[in-house]
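Step one of this worksheet: look at the structure below.
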Amino acid sequence: MTLAVVKSQEPVTPPAPAEAKVIALPTSQKSSFAEMLPRYASSFASNVVPPLITAALILLVWQIAFGNPGATLPSPVQVWKDASDLIVDPFFVTGPQDIGLGWRTLTSLQRVGIGFGLAAVVGVMVGALVGQSVWAMRGLDPIFQILRTVPPLAWLPISLAAFRDSSPSAIFVIFITSIWPILINTAVGVRNIPQDYRNVAQVLRLNTFEFFWKIMLPSAAPYIFTGLRIGIGLAWLAIVAAEMLTGGVGIGFFIWDAWNSSRLSDIVVALFYIGLVGFVLDRIVGALGSLVTRGTAAA
Amino acid sequence: MSAYLKLDHISKSFRRGSSETEVLRDINLTIHKGEIVSIIGHSGCGKSTLLNLIAGLTPVTTGGVLLEDREVNAPGPERAVVFQNHSLLPWLTVYDNVALAVDKVFGNSKSRAERRSWILHNLDLVQMTHAKDKRPSEISGGMKQRVGIARALAIEPKILLLDEPFGALDALTRAHLQDSVMQIHASLKNTMIMITHDVDEAVLLSDRIVMMTNGPSATIGEVLDVKLARPRKRLDLVADRSYIAAREAVLKFLYERHRFVEAA
């Protein structure tokens, strides 16, 4: 009873502090609204400004190091003077062999797309088999472990001999380079499918095909995408090297061609292209992965 | 009543290299249609192994499991399992988790619309319709277990196997779910086998309690009939004589005659 009395007394006192709060709340709300935009801008700035500063510093050091006449490499200013057409317009076409770097990059990307796409499909399928079957693992794993250490370019002569054409050979090099991380990661992912999910599949009597699509792929998706991400990086590394040797159109051959005709500035621009495209490819696969594996990670 | 499920001289050994350990020996049990049977025992006595044998997830070493006089030795939807850790697929929504089971089992016999309303009906049965579009990571442990039960019920199993279904839940949530199970049983009259290590849960829910001796080579020590009228009300039972007697019998079995010697 005494407690009740104390409680009934309490509501009498609040009005005064309540009024004070009514004044306090809107101002704090207003300030938070006003803070919203600057906060967004500041988070953007804090992510973008540091790399810009670093880039500027690198350009400065580079300019100082190679700015004097007789330097072995072109300075940034020299690169801009020599190759501004390549930087400004990636998609110009002035002759059969005189096209913008964008076109060359697209040609290379097409080869990577085919080779990597094949590697993804075959890698996931064979990886699923190796992860699922103990005998497949025992039989295949040692061979894969040996093959995956062969450097990409070591495959090139033999694939040139087999295909007798540069383009399929380059695609094969991409395929054989990027398949191993996809295959091995998929196998690990499949081996790590929780027994609970397998039990559910068994009780429901899912067939092999249903199990593959409904349990195996979603469950192993985080591993598969790790493999795909490593794979696309390796593919992009390999295509440049392969194109340098096979010739034709492509960003790799462009570098080799520029080297043979002493256009060092062009090489510098091409390096930037390669770096940017590789970065974008990595981010695309990464973003795709986090989109697909939204649910899987939080079990 | 006739035998619905019969466990006939089942034993199970696990072989590892050259050594062989016998986990279960000579299990004989007959379960009738519509019965709730609990299997209780100390941890490590092979309760879960026994359930896996009935489910067909683990093969028996000797003996056989007979469902309606036919031997079963592979998993199938007529023996649905509610797993201890819910085993919902995290990349599917609540609805899709149940739909996976329903579409597989009734894909040929029910139309799309029928399947949809059947899924919703089963979610409604466990009061989970409100969360049908959520993913398992967004709902509580008790809710996940409800969905697990809905998934098992939705495939209309002949026997529902529950493997410590409420073991990982807090006491209040557990009580809620026990009440739900009793309600579902009252309306559907399904046959259930439940593994538990909770004496109160066993007495409250079961028609019979199967008490296991300690392993290795565990077997059925005693079977206790719980003669309590249904529907059972948790609060009324607290002072009920036969409830107290049943509880005492199980406790005595577990802690006097078959103390868990390796208890840490």
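For the structure tokens, the naming scheme is as follows: chains receive sequential letters (A, B, ...) according to their order of presentation, residues are indexed from 1 within each chain, and ligands are indexed from 1 in presentation order.
Around B:Lys134, within 7 Å and counting only C-alpha atoms, the residues found are Thr93, Val94, Ala131, Lys132, Pro136 and Glu138 of chain B, once anything fewer than 2 positions away on its own chain is removed.
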Practice problem: Please provide as a ChimeraX atom specification all residues within 9 Å of stretch 236-251 of chain A, with the sequence filter that same-chain residues fewer than 6 positions apart are discarded (counting only C-alpha atoms). | Solution: /A:97,101-109,111-112,152-153,156,160,165-167,169-171,173-174,177-178,257,270,273-274,277-278,281
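Using only C-alpha atoms, the contacts of stretch 161-173 of chain B at a cut-off of 6 Å, with sequence neighbours closer than 2 positions omitted, comprise Ala80, Val81, Val82, Phe83, Gln84, Ala175, His176, Met192, Ile193, Met194, Ile195 and Thr196 of chain B.
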Dump of N, CA and C atoms for the selected residues, as a tab-separated table (two decimals), in the first residue's frame:
chain	number	residue	atom	x	y	z
B	80	ALA	N	9.27	-37.61	-40.03
B	80	ALA	CA	9.85	-36.27	-40.02
B	80	ALA	C	10.62	-36.04	-38.73
B	81	VAL	N	11.72	-35.32	-38.84
B	81	VAL	CA	12.55	-35.06	-37.67
B	81	VAL	C	12.53	-33.56	-37.36
B	82	VAL	N	12.31	-33.24	-36.08
B	82	VAL	CA	12.54	-31.87	-35.60
B	82	VAL	C	13.89	-31.89	-34.91
B	83	PHE	N	14.86	-31.24	-35.51
B	83	PHE	CA	16.22	-31.32	-35.01
B	83	PHE	C	16.43	-30.39	-33.82
B	84	GLN	N	17.39	-30.77	-32.99
B	84	GLN	CA	17.66	-30.00	-31.78
B	84	GLN	C	17.99	-28.54	-32.09
B	175	ALA	N	8.21	-23.81	-22.07
B	175	ALA	CA	6.85	-24.09	-21.61
B	175	ALA	C	5.83	-23.75	-22.68
B	176	HIS	N	6.03	-22.60	-23.35
B	176	HIS	CA	5.12	-22.20	-24.43
B	176	HIS	C	5.07	-23.25	-25.51
B	192	MET	N	4.26	-39.34	-31.78
B	192	MET	CA	5.52	-38.61	-31.61
B	192	MET	C	6.48	-39.41	-30.74
B	193	ILE	N	7.75	-39.33	-31.12
B	193	ILE	CA	8.81	-39.84	-30.25
B	193	ILE	C	9.71	-38.66	-29.95
B	194	MET	N	9.93	-38.43	-28.66
B	194	MET	CA	10.69	-37.25	-28.28
B	194	MET	C	11.86	-37.64	-27.40
B	195	ILE	N	13.03	-37.18	-27.78
B	195	ILE	CA	14.21	-37.34	-26.93
B	195	ILE	C	14.23	-36.14	-25.98
B	196	THR	N	14.48	-36.40	-24.71
B	196	THR	CA	14.56	-35.27	-23.79
B	196	THR	C	15.48	-35.63	-22.64
Contacts of chain B with chain A up to 9 Å, shortest pair per row, only C-alpha atoms, as a tab-separated table:
residue	atom	partner	partner_atom	distance
B:Ala55	CA	A:Val203	CA	7.7
B:Gly56	CA	A:Val203	CA	8.4
B:Leu57	CA	A:Asn199	CA	7.0
B:Ala74	CA	A:Gln202	CA	8.4
B:Pro75	CA	A:Val203	CA	4.9
B:Gly76	CA	A:Val203	CA	4.7
B:Pro77	CA	A:Leu204	CA	5.3
B:Glu78	CA	A:Val203	CA	8.5
B:Arg79	CA	A:Val203	CA	7.5
B:Ala80	CA	A:Val203	CA	6.7
B:Val81	CA	A:Val203	CA	7.5
B:Phe83	CA	A:Asp196	CA	7.8
B:Asn85	CA	A:Asp196	CA	8.4
B:His86	CA	A:Asp196	CA	8.7
B:Ser87	CA	A:Asp196	CA	5.6
B:Leu88	CA	A:Tyr197	CA	7.8
B:Leu89	CA	A:Tyr197	CA	7.1
B:Pro90	CA	A:Ala299	CA	5.3
B:Trp91	CA	A:Gly295	CA	4.3
B:Leu92	CA	A:Gly295	CA	7.4
B:Leu100	CA	A:Lys214	CA	8.6
B:Ala101	CA	A:Leu204	CA	6.4
B:Lys104	CA	A:Leu204	CA	7.0
B:Val105	CA	A:Leu204	CA	7.2
B:Arg135	CA	A:Gly295	CA	7.4
B:Pro136	CA	A:Ala299	CA	7.6
B:Ser137	CA	A:Ala298	CA	6.1
B:Ile155	CA	A:Leu204	CA	8.8
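With atom CA of B:Glu35 on one side and atom CA of B:Glu156 on the other, the separation reads 15.7 Å.
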Practice problem: From a DSSP calculation on the backbone, collect every residue of stretch 113-233 of chain B in strand (DSSP E) and output the set as number ranges by chain. | Solution: B: 159-163, 191-196, 208-212, 220-225
Self-check item: Residue set, stretch 12-136 of chain B restricted to helix (DSSP H, G or I), as an NGL selection string
Solution: :B and (47-55 or 94-106 or 112-125 or 129-131 or 136)
For C-alpha atoms, I'd like the residues from the last selection saved as a PDB file, in the first residue's frame.
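Contents of the output file result02.pdb:
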ATOM      1  CA  LYS B  47      19.252 -41.420 -27.120  1.00  0.00           C
ATOM      2  CA  SER B  48      20.048 -39.388 -30.196  1.00  0.00           C
ATOM      3  CA  THR B  49      21.585 -42.408 -31.886  1.00  0.00           C
ATOM      4  CA  LEU B  50      18.338 -44.274 -31.285  1.00  0.00           C
ATOM      5  CA  LEU B  51      16.345 -41.452 -32.844  1.00  0.00           C
ATOM      6  CA  ASN B  52      18.697 -41.360 -35.827  1.00  0.00           C
ATOM      7  CA  LEU B  53      18.186 -45.111 -36.232  1.00  0.00           C
ATOM      8  CA  ILE B  54      14.428 -44.657 -36.304  1.00  0.00           C
ATOM      9  CA  ALA B  55      14.781 -41.745 -38.713  1.00  0.00           C
ATOM     10  CA  VAL B  94      10.436 -19.027 -42.926  1.00  0.00           C
ATOM     11  CA  TYR B  95       7.832 -19.611 -45.612  1.00  0.00           C
ATOM     12  CA  ASP B  96      10.378 -20.982 -48.083  1.00  0.00           C
ATOM     13  CA  ASN B  97      11.827 -23.328 -45.502  1.00  0.00           C
ATOM     14  CA  VAL B  98       8.448 -24.965 -45.068  1.00  0.00           C
ATOM     15  CA  ALA B  99       7.805 -24.693 -48.805  1.00  0.00           C
ATOM     16  CA  LEU B 100      10.976 -26.649 -49.584  1.00  0.00           C
ATOM     17  CA  ALA B 101       9.545 -29.608 -47.678  1.00  0.00           C
ATOM     18  CA  VAL B 102       5.966 -29.226 -48.904  1.00  0.00           C
ATOM     19  CA  ASP B 103       6.905 -28.748 -52.559  1.00  0.00           C
ATOM     20  CA  LYS B 104       9.092 -31.848 -52.447  1.00  0.00           C
ATOM     21  CA  VAL B 105       6.574 -34.099 -50.721  1.00  0.00           C
ATOM     22  CA  PHE B 106       3.323 -32.802 -52.249  1.00  0.00           C
ATOM     23  CA  ARG B 112       0.363 -24.704 -56.324  1.00  0.00           C
ATOM     24  CA  ALA B 113      -2.492 -22.903 -54.588  1.00  0.00           C
ATOM     25  CA  GLU B 114      -3.231 -25.905 -52.379  1.00  0.00           C
ATOM     26  CA  ARG B 115       0.411 -26.138 -51.368  1.00  0.00           C
ATOM     27  CA  ARG B 116       0.492 -22.445 -50.539  1.00  0.00           C
ATOM     28  CA  SER B 117      -2.531 -22.583 -48.301  1.00  0.00           C
ATOM     29  CA  TRP B 118      -1.191 -25.788 -46.710  1.00  0.00           C
ATOM     30  CA  ILE B 119       2.114 -24.062 -45.891  1.00  0.00           C
ATOM     31  CA  LEU B 120       0.277 -21.107 -44.390  1.00  0.00           C
ATOM     32  CA  HIS B 121      -2.007 -23.443 -42.454  1.00  0.00           C
ATOM     33  CA  ASN B 122       0.980 -25.164 -40.872  1.00  0.00           C
ATOM     34  CA  LEU B 123       2.696 -21.884 -40.048  1.00  0.00           C
ATOM     35  CA  ASP B 124      -0.564 -20.822 -38.467  1.00  0.00           C
ATOM     36  CA  LEU B 125      -0.600 -24.013 -36.409  1.00  0.00           C
ATOM     37  CA  THR B 129       2.380 -16.738 -39.941  1.00  0.00           C
ATOM     38  CA  HIS B 130       3.380 -13.217 -38.916  1.00  0.00           C
ATOM     39  CA  ALA B 131       7.065 -13.955 -39.584  1.00  0.00           C
ATOM     40  CA  PRO B 136      15.872 -17.585 -39.609  1.00  0.00           C
TER      41      PRO B 136
END
Quiz item: So how many Å separate atom CA of A:Ile58 and atom CA of A:Ile267, to one decimal?
Solution: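 The value is 17.6 Å.
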Self-check item: Length of the atom CA of A:Phe91 to atom CA of A:Ser262 vector [Å]
Solution: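 Those two atoms sit 22.6 Å apart.
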Exercise. For B:Gly41, list every protein, DNA or RNA residue within 12 Å, evaluated using only C-alpha atoms, and leave out those in the same chain fewer than 6 positions away; present the list as a VMD selection string.
Key: chain B and resid 47 to 48 50 164 194 to 199 202 209 to 215 218 to 223 250 to 255 257 to 260
